[in-house]
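Enquirer: See final_17.pdb below, with PDB, C-alpha atoms and all ligand atoms.
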ATOM      1  CA  MET A1110     117.990 115.307 109.181
ATOM      2  CA  ASP A1111     119.090 115.107 112.778
ATOM      3  CA  ARG A1112     116.345 112.760 113.884
ATOM      4  CA  LYS A1113     115.616 109.210 112.717
ATOM      5  CA  ILE A1114     113.411 108.825 109.654
ATOM      6  CA  ARG A1115     110.145 107.180 110.685
ATOM      7  CA  VAL A1116     109.204 104.290 108.415
ATOM      8  CA  ALA A1117     106.089 102.097 108.373
ATOM      9  CA  ALA A1118     105.721  98.818 106.496
ATOM     10  CA  VAL A1119     102.975  96.273 105.920
ATOM     11  CA  SER A1120     102.937  93.527 108.557
ATOM     12  CA  TYR A1121     102.226  90.658 106.121
ATOM     13  CA  LEU A1122     104.520  87.906 104.834
ATOM     14  CA  ASN A1123     104.805  89.681 101.462
ATOM     15  CA  THR A1124     106.860  92.421 103.113
ATOM     16  CA  LYS A1125     109.506  90.186 104.689
ATOM     17  CA  PRO A1126     111.960  90.427 101.743
ATOM     18  CA  LEU A1127     111.584  94.231 101.651
ATOM     19  CA  ILE A1128     112.368  94.737 105.336
ATOM     20  CA  TYR A1129     114.966  91.983 105.763
ATOM     21  CA  GLY A1130     117.890  94.415 105.427
ATOM     22  CA  PHE A1131     116.411  96.792 108.014
ATOM     23  CA  GLU A1132     115.705  93.960 110.455
ATOM     24  CA  LYS A1133     119.317  92.850 110.042
ATOM     25  CA  GLY A1134     120.410  96.252 111.305
ATOM     26  CA  GLY A1135     120.836  98.148 108.029
ATOM     27  CA  MET A1136     120.270 101.891 108.700
ATOM     28  CA  VAL A1137     119.611 101.201 112.377
ATOM     29  CA  ASP A1138     121.040 104.637 113.226
ATOM     30  CA  SER A1139     118.870 106.538 110.771
ATOM     31  CA  VAL A1140     115.600 104.557 110.455
ATOM     32  CA  GLU A1141     112.883 103.691 112.961
ATOM     33  CA  LEU A1142     110.628 100.929 111.571
ATOM     34  CA  VAL A1143     107.088  99.998 112.612
ATOM     35  CA  THR A1144     104.722  97.524 110.942
ATOM     36  CA  ASP A1145     100.941  97.315 110.753
ATOM     37  CA  TYR A1146      98.223  96.457 108.237
ATOM     38  CA  PRO A1147      98.049  98.516 105.006
ATOM     39  CA  ALA A1148      95.075 100.802 105.831
ATOM     40  CA  LYS A1149      96.742 101.650 109.175
ATOM     41  CA  ILE A1150     100.146 102.550 107.748
ATOM     42  CA  ALA A1151      98.377 104.539 105.043
ATOM     43  CA  SER A1152      96.696 106.789 107.596
ATOM     44  CA  MET A1153     100.021 107.127 109.428
ATOM     45  CA  LEU A1154     101.580 108.569 106.258
ATOM     46  CA  VAL A1155      98.599 110.828 105.517
ATOM     47  CA  ASN A1156      98.677 112.167 109.110
ATOM     48  CA  ASN A1157     102.459 112.684 108.991
ATOM     49  CA  GLU A1158     103.068 110.258 111.859
ATOM     50  CA  VAL A1159     105.736 108.675 109.622
ATOM     51  CA  ASP A1160     107.951 109.997 106.810
ATOM     52  CA  ILE A1161     107.966 106.902 104.578
ATOM     53  CA  SER A1162     105.462 104.097 104.324
ATOM     54  CA  LEU A1163     104.996 101.009 102.174
ATOM     55  CA  VAL A1164     101.542 102.325 101.410
ATOM     56  CA  PRO A1165      98.655 101.147  99.263
ATOM     57  CA  VAL A1166      98.980 103.254  96.092
ATOM     58  CA  ALA A1167      95.235 103.998  96.269
ATOM     59  CA  ILE A1168      95.869 106.546  99.028
ATOM     60  CA  ILE A1169      98.094 108.746  96.858
ATOM     61  CA  PRO A1170      95.182 111.126  96.094
ATOM     62  CA  PHE A1171      94.973 111.846  99.852
ATOM     63  CA  LEU A1172      98.604 112.966 100.200
ATOM     64  CA  ASN A1173      99.532 116.653  99.835
ATOM     65  CA  GLU A1174     102.934 115.660  98.540
ATOM     66  CA  TYR A1175     104.311 112.282  97.545
ATOM     67  CA  HIS A1176     107.608 110.829  96.338
ATOM     68  CA  ILE A1177     107.883 107.239  95.179
ATOM     69  CA  ILE A1178     111.263 106.089  96.417
ATOM     70  CA  THR A1179     113.118 102.820  95.629
ATOM     71  CA  ASP A1180     113.011 100.390  92.713
ATOM     72  CA  TYR A1181     110.712  98.030  94.635
ATOM     73  CA  CYS A1182     107.004  97.582  95.179
ATOM     74  CA  ILE A1183     104.431  94.936  96.005
ATOM     75  CA  GLY A1184     103.164  94.181  92.527
ATOM     76  CA  THR A1185     102.101  91.315  90.316
ATOM     77  CA  GLN A1186     102.160  90.321  86.671
ATOM     78  CA  GLN A1187      99.529  87.611  87.074
ATOM     79  CA  ASN A1188      97.756  85.749  89.891
ATOM     80  CA  VAL A1189      98.917  87.385  93.121
ATOM     81  CA  ALA A1190      97.319  84.622  95.254
ATOM     82  CA  SER A1191      96.788  86.854  98.316
ATOM     83  CA  VAL A1192      94.274  89.369  96.922
ATOM     84  CA  CYS A1193      91.104  87.554  95.958
ATOM     85  CA  LEU A1194      87.347  87.780  95.923
ATOM     86  CA  PHE A1195      86.129  84.651  97.719
ATOM     87  CA  SER A1196      82.666  83.264  97.185
ATOM     88  CA  ASP A1197      80.483  80.185  97.509
ATOM     89  CA  VAL A1198      78.596  81.134  94.331
ATOM     90  CA  PRO A1199      79.780  82.272  90.867
ATOM     91  CA  LEU A1200      80.250  86.013  90.189
ATOM     92  CA  GLU A1201      76.844  86.604  88.620
ATOM     93  CA  ALA A1202      75.054  85.149  91.673
ATOM     94  CA  ILE A1203      76.856  87.304  94.270
ATOM     95  CA  SER A1204      74.449  89.663  96.100
ATOM     96  CA  HIS A1205      76.820  91.325  98.619
ATOM     97  CA  ILE A1206      80.573  91.776  98.987
ATOM     98  CA  LEU A1207      82.322  92.333 102.314
ATOM     99  CA  LEU A1208      85.258  94.684 101.778
ATOM    100  CA  ASP A1209      88.531  94.122 103.628
ATOM    101  CA  TYR A1210      89.003  96.835 106.296
ATOM    102  CA  GLN A1211      92.782  96.255 106.155
ATOM    103  CA  SER A1212      93.024  97.187 102.461
ATOM    104  CA  ARG A1213      92.952 100.351 100.378
ATOM    105  CA  SER A1214      94.392  99.387  96.965
ATOM    106  CA  SER A1215      92.550  96.099  96.617
ATOM    107  CA  VAL A1216      89.229  97.669  97.623
ATOM    108  CA  GLY A1217      89.807 100.281  94.880
ATOM    109  CA  LEU A1218      90.849  97.586  92.415
ATOM    110  CA  LEU A1219      87.786  95.506  93.247
ATOM    111  CA  LYS A1220      85.509  98.502  92.527
ATOM    112  CA  VAL A1221      87.300  99.165  89.219
ATOM    113  CA  LEU A1222      86.895  95.520  88.197
ATOM    114  CA  LEU A1223      83.226  95.351  89.238
ATOM    115  CA  ASN A1224      82.435  98.446  87.124
ATOM    116  CA  ASN A1225      84.644  97.864  84.122
ATOM    117  CA  TYR A1226      85.454  94.180  83.809
ATOM    118  CA  TRP A1227      82.989  91.919  85.583
ATOM    119  CA  LYS A1228      80.199  94.474  85.142
ATOM    120  CA  ILE A1229      78.164  93.399  88.135
ATOM    121  CA  SER A1230      76.902  95.580  90.978
ATOM    122  CA  PRO A1231      76.443  93.680  94.228
ATOM    123  CA  GLU A1232      75.982  95.659  97.424
ATOM    124  CA  LEU A1233      79.353  96.543  98.985
ATOM    125  CA  ILE A1234      79.660  96.374 102.766
ATOM    126  CA  GLU A1235      82.431  97.770 105.001
ATOM    127  CA  SER A1236      83.809  95.115 107.346
ATOM    128  CA  LYS A1237      85.315  94.696 110.802
ATOM    129  CA  THR A1238      87.651  92.147 112.405
ATOM    130  CA  GLY A1239      86.366  88.598 111.968
ATOM    131  CA  TYR A1240      84.222  89.343 108.879
ATOM    132  CA  GLU A1241      85.787  86.402 107.039
ATOM    133  CA  ALA A1242      83.362  84.065 108.876
ATOM    134  CA  ASN A1243      80.457  85.817 107.103
ATOM    135  CA  ILE A1244      81.717  85.006 103.610
ATOM    136  CA  LYS A1245      79.070  82.429 102.761
ATOM    137  CA  GLY A1246      75.940  81.898 100.706
ATOM    138  CA  THR A1247      75.560  84.767  98.228
ATOM    139  CA  THR A1248      77.753  87.062 100.354
ATOM    140  CA  ALA A1249      81.261  87.121  98.912
ATOM    141  CA  GLY A1250      84.294  88.776 100.480
ATOM    142  CA  LEU A1251      87.541  90.453  99.552
ATOM    143  CA  VAL A1252      90.425  89.195 101.677
ATOM    144  CA  ILE A1253      94.059  90.276 101.325
ATOM    145  CA  GLY A1254      97.423  89.322 102.767
ATOM    146  CA  ASP A1255      98.144  86.274 104.923
ATOM    147  CA  ARG A1256      94.462  85.786 105.795
ATOM    148  CA  ALA A1257      93.771  85.188 102.082
ATOM    149  CA  PHE A1258      95.867  81.999 102.163
ATOM    150  CA  ILE A1259      93.616  80.593 104.868
ATOM    151  CA  GLN A1260      90.482  81.777 103.067
ATOM    152  CA  ARG A1261      91.638  79.946  99.914
ATOM    153  CA  LYS A1262      90.707  76.699 101.683
ATOM    154  CA  LYS A1263      87.198  77.853 102.604
ATOM    155  CA  ASN A1264      85.263  78.987  99.542
ATOM    156  CA  LYS A1265      84.453  77.279  96.262
ATOM    157  CA  TYR A1266      85.175  80.259  93.990
ATOM    158  CA  ILE A1267      88.384  82.292  94.101
ATOM    159  CA  TYR A1268      88.646  85.315  91.806
ATOM    160  CA  ASP A1269      92.238  86.582  91.816
ATOM    161  CA  LEU A1270      92.322  90.374  91.382
ATOM    162  CA  GLY A1271      95.837  90.336  89.886
ATOM    163  CA  THR A1272      94.701  87.954  87.148
ATOM    164  CA  ALA A1273      91.549  89.992  86.452
ATOM    165  CA  TRP A1274      93.486  93.294  86.182
ATOM    166  CA  LYS A1275      95.982  91.701  83.772
ATOM    167  CA  ALA A1276      93.141  90.302  81.649
ATOM    168  CA  MET A1277      91.406  93.694  81.549
ATOM    169  CA  THR A1278      94.432  95.920  80.870
ATOM    170  CA  GLY A1279      97.316  93.692  79.739
ATOM    171  CA  LEU A1280      99.410  95.391  82.439
ATOM    172  CA  PRO A1281     100.910  94.415  85.786
ATOM    173  CA  PHE A1282      99.417  95.841  88.973
ATOM    174  CA  VAL A1283     101.095  97.708  91.832
ATOM    175  CA  PHE A1284      99.407  97.282  95.230
ATOM    176  CA  ALA A1285     101.920  99.141  97.382
ATOM    177  CA  ALA A1286     105.139 101.128  97.062
ATOM    178  CA  TRP A1287     107.571 102.903  99.379
ATOM    179  CA  ILE A1288     106.285 106.468  99.412
ATOM    180  CA  ALA A1289     107.673 109.488 101.269
ATOM    181  CA  ASN A1290     105.426 112.416 102.224
ATOM    182  CA  LYS A1291     108.321 114.891 102.105
ATOM    183  CA  GLN A1292     111.569 115.481 100.265
ATOM    184  CA  LEU A1293     114.375 113.384 101.802
ATOM    185  CA  PRO A1294     118.131 113.648 101.216
ATOM    186  CA  GLN A1295     119.301 111.840  98.069
ATOM    187  CA  ALA A1296     122.023 109.931  99.934
ATOM    188  CA  PHE A1297     119.424 108.616 102.372
ATOM    189  CA  ILE A1298     117.153 107.468  99.509
ATOM    190  CA  GLU A1299     120.012 105.654  97.771
ATOM    191  CA  LYS A1300     120.940 103.796 100.931
ATOM    192  CA  PHE A1301     117.265 103.018 101.642
ATOM    193  CA  ASN A1302     116.952 101.517  98.159
ATOM    194  CA  GLU A1303     120.017  99.376  98.736
ATOM    195  CA  VAL A1304     118.833  98.043 102.110
ATOM    196  CA  THR A1305     115.344  97.352 100.705
ATOM    197  CA  GLY A1306     116.898  95.186  97.985
ATOM    198  CA  GLU A1307     119.042  93.096 100.322
ATOM    199  CA  GLY A1308     116.340  90.551 101.155
ATOM    200  CA  PHE A1309     116.203  89.290  97.588
ATOM    201  CA  GLN A1310     119.639  87.703  98.025
ATOM    202  CA  HIS A1311     118.325  85.886 101.103
ATOM    203  CA  LEU A1312     114.908  84.448 100.200
ATOM    204  CA  ALA A1313     115.707  80.903 101.395
ATOM    205  CA  GLU A1314     116.814  82.281 104.764
ATOM    206  CA  ILE A1315     113.686  84.450 105.076
ATOM    207  CA  ILE A1316     111.466  81.439 104.318
ATOM    208  CA  ALA A1317     113.329  79.290 106.840
ATOM    209  CA  GLN A1318     112.773  81.988 109.465
ATOM    210  CA  ASN A1319     109.034  82.163 108.740
ATOM    211  CA  PRO A1320     107.738  78.602 108.547
ATOM    212  CA  TYR A1321     104.322  78.754 106.902
ATOM    213  CA  GLU A1322     101.981  75.868 106.302
ATOM    214  CA  HIS A1323      99.276  77.546 104.206
ATOM    215  CA  TYR A1324     101.214  78.452 101.055
ATOM    216  CA  ASP A1325     104.575  77.930  99.362
ATOM    217  CA  LEU A1326     106.403  81.163 100.178
ATOM    218  CA  MET A1327     109.105  80.657  97.528
ATOM    219  CA  GLU A1328     106.367  80.586  94.911
ATOM    220  CA  TYR A1329     104.714  83.602  96.533
ATOM    221  CA  TYR A1330     107.956  85.633  96.556
ATOM    222  CA  THR A1331     109.158  84.694  93.079
ATOM    223  CA  VAL A1332     106.074  83.905  90.977
ATOM    224  CA  ASN A1333     102.957  85.556  92.444
ATOM    225  CA  ILE A1334     104.484  88.792  93.711
ATOM    226  CA  ASP A1335     106.744  90.772  91.426
ATOM    227  CA  TYR A1336     108.710  93.259  93.502
ATOM    228  CA  LYS A1337     110.473  95.181  90.738
ATOM    229  CA  LEU A1338     109.019  98.632  90.099
ATOM    230  CA  ASP A1339     109.732  98.756  86.355
ATOM    231  CA  ASP A1340     108.213 100.799  83.506
ATOM    232  CA  GLU A1341     105.354  98.374  82.846
ATOM    233  CA  LYS A1342     104.356  98.498  86.511
ATOM    234  CA  ARG A1343     104.499 102.291  86.477
ATOM    235  CA  LYS A1344     102.136 102.193  83.473
ATOM    236  CA  GLY A1345      99.745  99.863  85.304
ATOM    237  CA  PHE A1346      99.914 102.060  88.362
ATOM    238  CA  LYS A1347      99.118 105.247  86.396
ATOM    239  CA  MET A1348      96.195 103.563  84.703
ATOM    240  CA  PHE A1349      94.848 102.417  88.084
ATOM    241  CA  LEU A1350      95.066 105.962  89.495
ATOM    242  CA  ASN A1351      93.088 107.202  86.484
ATOM    243  CA  TYR A1352      90.386 104.597  87.041
ATOM    244  CA  LEU A1353      90.287 105.542  90.721
ATOM    245  CA  LYS A1354      89.406 109.147  89.833
ATOM    246  CA  GLU A1355      86.082 107.826  88.514
ATOM    247  CA  ILE A1356      85.162 106.213  91.816
ATOM    248  CA  ILE A1357      86.433 108.542  94.581
TER     249      ILE A1357
HETATM  250  C1  LIG A1401      99.430  91.627  97.451
HETATM  251  C2  LIG A1401      99.108  92.272  98.532
HETATM  252  O1  LIG A1401      99.318  93.614  98.488
HETATM  253  C3  LIG A1401      98.845  94.445  99.514
HETATM  254  C4  LIG A1401      97.590  95.075  99.286
HETATM  255  C5  LIG A1401      97.311  96.324  99.776
HETATM  256  C6  LIG A1401      95.945  96.907  99.717
HETATM  257  O2  LIG A1401      95.025  96.247  99.248
HETATM  258  O3  LIG A1401      95.772  98.066 100.126
HETATM  259  C7  LIG A1401      98.340  97.052 100.387
HETATM  260  C8  LIG A1401      99.572  96.538 100.589
HETATM  261  C9  LIG A1401      99.955  95.206 100.131
HETATM  262  O4  LIG A1401     100.341  94.431 101.234
HETATM  263  C10 LIG A1401      98.594  91.579  99.735
HETATM  264  O5  LIG A1401      98.700  92.115 100.844
HETATM  265  O6  LIG A1401      98.111  90.455  99.622
END
Output the structure of this file as C-alpha cells.

Expert:
Amino acid sequence: MDRKIRVAAVSYLNTKPLIYGFEKGGMVDSVELVTDYPAKIASMLVNNEVDISLVPVAIIPFLNEYHIITDYCIGTQQNVASVCLFSDVPLEAISHILLDYQSRSSVGLLKVLLNNYWKISPELIESKTGYEANIKGTTAGLVIGDRAFIQRKKNKYIYDLGTAWKAMTGLPFVFAAWIANKQLPQAFIEKFNEVTGEGFQHLAEIIAQNPYEHYDLMEYYTVNIDYKLDDEKRKGFKMFLNYLKEII
C-alpha cells in the first residue's frame, strides 16, 4: 500500500504493552496509530475509518470481512480484575444493571453469563459518562478498563467476568484482538506482529512510565491479563461468538 495503514487501539492501561513498540517508533513510516475506548475504535473499524483495530471481539458479526492478525490479544485465564459487575447487594438481589457504554465484549459476556450461568434477569440499562456514581442500592453496574480499578474500592460485591466465564466453560476468554477489515500484505502483518510483541520484553519500563496507584500493574500484565492468542483462547473465543448469536 502506498499510504500509511490506519490503526486504532484501546486507550486503557491494558494496551500499553501491545503498543509499546509502535510508540517507540516501530513502523512509524507505515502505521498511523490512534487510541480511544473500545466501543469507539470498534465503530471506526466497522465504518472503515481505520484498517486495523484492537477491537472487542463481540463486534465481529458487524464486519463484512475480518482477519485476526498477530499472536496477541487482551484475554484472561482467570480473574481479569478490570471487567467486573459491581454491586452493593448480592447477585440475587440485583434489580437493575447499568451497562458500560465503553464496552462491547464485556456487555455481551455479561448477557451470556446472566442467561446461562447466574440465571438472573435484572433490567439492563444503557449508560452515559459518569454512570458509575449510580451504582448503588440494588442497581449494579458493569465497569471495564482503568475505571474498574477505582470502582473496586467502592462496592461491596465484585463479580469478575473472567472468573465466571472460566467457571462456566473451563476456557479462557478473549476480550479484544487485533483485527483487520481488509486483506493486508503478509510482510506488513509479520512486522506488525513483531512490533506488537516488543512491549513484553519491557514491562518494568512500561510500568515505570505509567505510575498507577490503584492496582499493581505487574500483576495485571502478567497474572490477570493473558496476552497470548493460543489455541485454548481461540476455542473460548469461538464459543463466545456462538453464545452471542443467541442474544443479537
Ligand atoms: C480486560 C479488558 O478488556 C477490554 C474489554 C473490551 C470490551 O468489553 O469491549 C474491549 C477491549 C478490552 O480493552 C478491559 O478493558 O478491562

Enquirer: If you measure from CA of Ser1215 (chain A) to CA of Val1252 (chain A), what distance in Å do you get, rounded to one decimal?

Expert: 8.8 Å

Enquirer: Give as a list in words the residues that the PyMOL selection byres (((chain A and resi 1112) around 10) and not hetatm) matches when applied to the coordinates above.

Expert: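 Expected selection for the PyMOL selection byres (((chain A and resi 1112) around 10) and not hetatm) here is Met1110, Asp1111, Lys1113, Ile1114, Arg1115, Asp1138, Ser1139, Val1140 and Glu1141 of chain A.
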
Enquirer: If the PyMOL selection byres (((not hetatm)) within 6 of (chain A and resi 1401)) is run on the structure shown, which residues does it catch, given as an MDAnalysis selection string?

Expert: chainID A and resid 1119 1147 1165 1183 1191:1192 1212:1215 1253:1254 1284:1285

Enquirer: Taking 2 positions as the minimum chain separation for residues in the same chain, which residues sit within 9 Å of Gly1345 (chain A) when counting all atoms listed in the file? Answer as a ChimeraX atom specification.

Expert: /A:1278-1283,1340-1343,1347-1350

Enquirer: Once the PyMOL selection byres (((chain A and resi 1287) around 12) and not hetatm) has been evaluated on this model, what residues remain selected, and can you format them as a ChimeraX atom specification?

Expert: /A:1116-1119,1124,1127-1128,1147,1150-1151,1154,1159-1166,1169,1175-1184,1283-1286,1288-1290,1298,1301-1302,1305,1336-1338

Enquirer: Quick one: distance from CA of Leu1208 (chain A) to CA of Tyr1121 (chain A) in Å, one decimal?

Expert: 18.0 Å

Enquirer: Give me, please, the distance in Å between CA of Phe1195 (chain A) and CA of Asp1255 (chain A), quoted to one decimal.

Expert: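 Computing it gives 14.1 Å between the two atoms.
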
Enquirer: Which residues are close to Phe1131 (chain A), i.e. within 8 Å by all atoms listed in the file, leaving aside same-chain residues fewer than 4 positions away? Reply as a JSON list (two decimals) with C-alpha atoms, keeping the file's coordinate frame.

Expert:
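Final output, around-v3.json:
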[["chain", "number", "residue", "atom", "x", "y", "z"],
["A", 1135, "GLY", "CA", 120.84, 98.15, 108.03],
["A", 1136, "MET", "CA", 120.27, 101.89, 108.70],
["A", 1137, "VAL", "CA", 119.61, 101.20, 112.38],
["A", 1142, "LEU", "CA", 110.63, 100.93, 111.57],
["A", 1304, "VAL", "CA", 118.83, 98.04, 102.11],
["A", 1305, "THR", "CA", 115.34, 97.35, 100.70]]

Enquirer: I want to know what sits within 12 Å of Lys1354 (chain A), based on all atoms listed in the file, with residues of the same chain fewer than 6 positions away left out; could you give that as a VMD selection string?

Expert: chain A and resid 1167 to 1171 1217 to 1218 1220 to 1221 1347 to 1348

Enquirer: For a quick check of understanding, using all atoms listed in the file, which of A:Asn1351, A:Leu1222, A:Gln1211, A:Gly1250 has the smallest distance to Thr1238 (chain A)?

Expert: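 The closest residue to Thr1238 (chain A) is A:Gln1211.
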
Enquirer: With distances taken over all atoms listed in the file, which of A:Tyr1129, A:Glu1328, A:Asp1209, A:Ile1334 is nearest to Gln1310 (chain A)?

Expert: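 For Gln1310 (chain A), the nearest of the candidates is A:Tyr1129.
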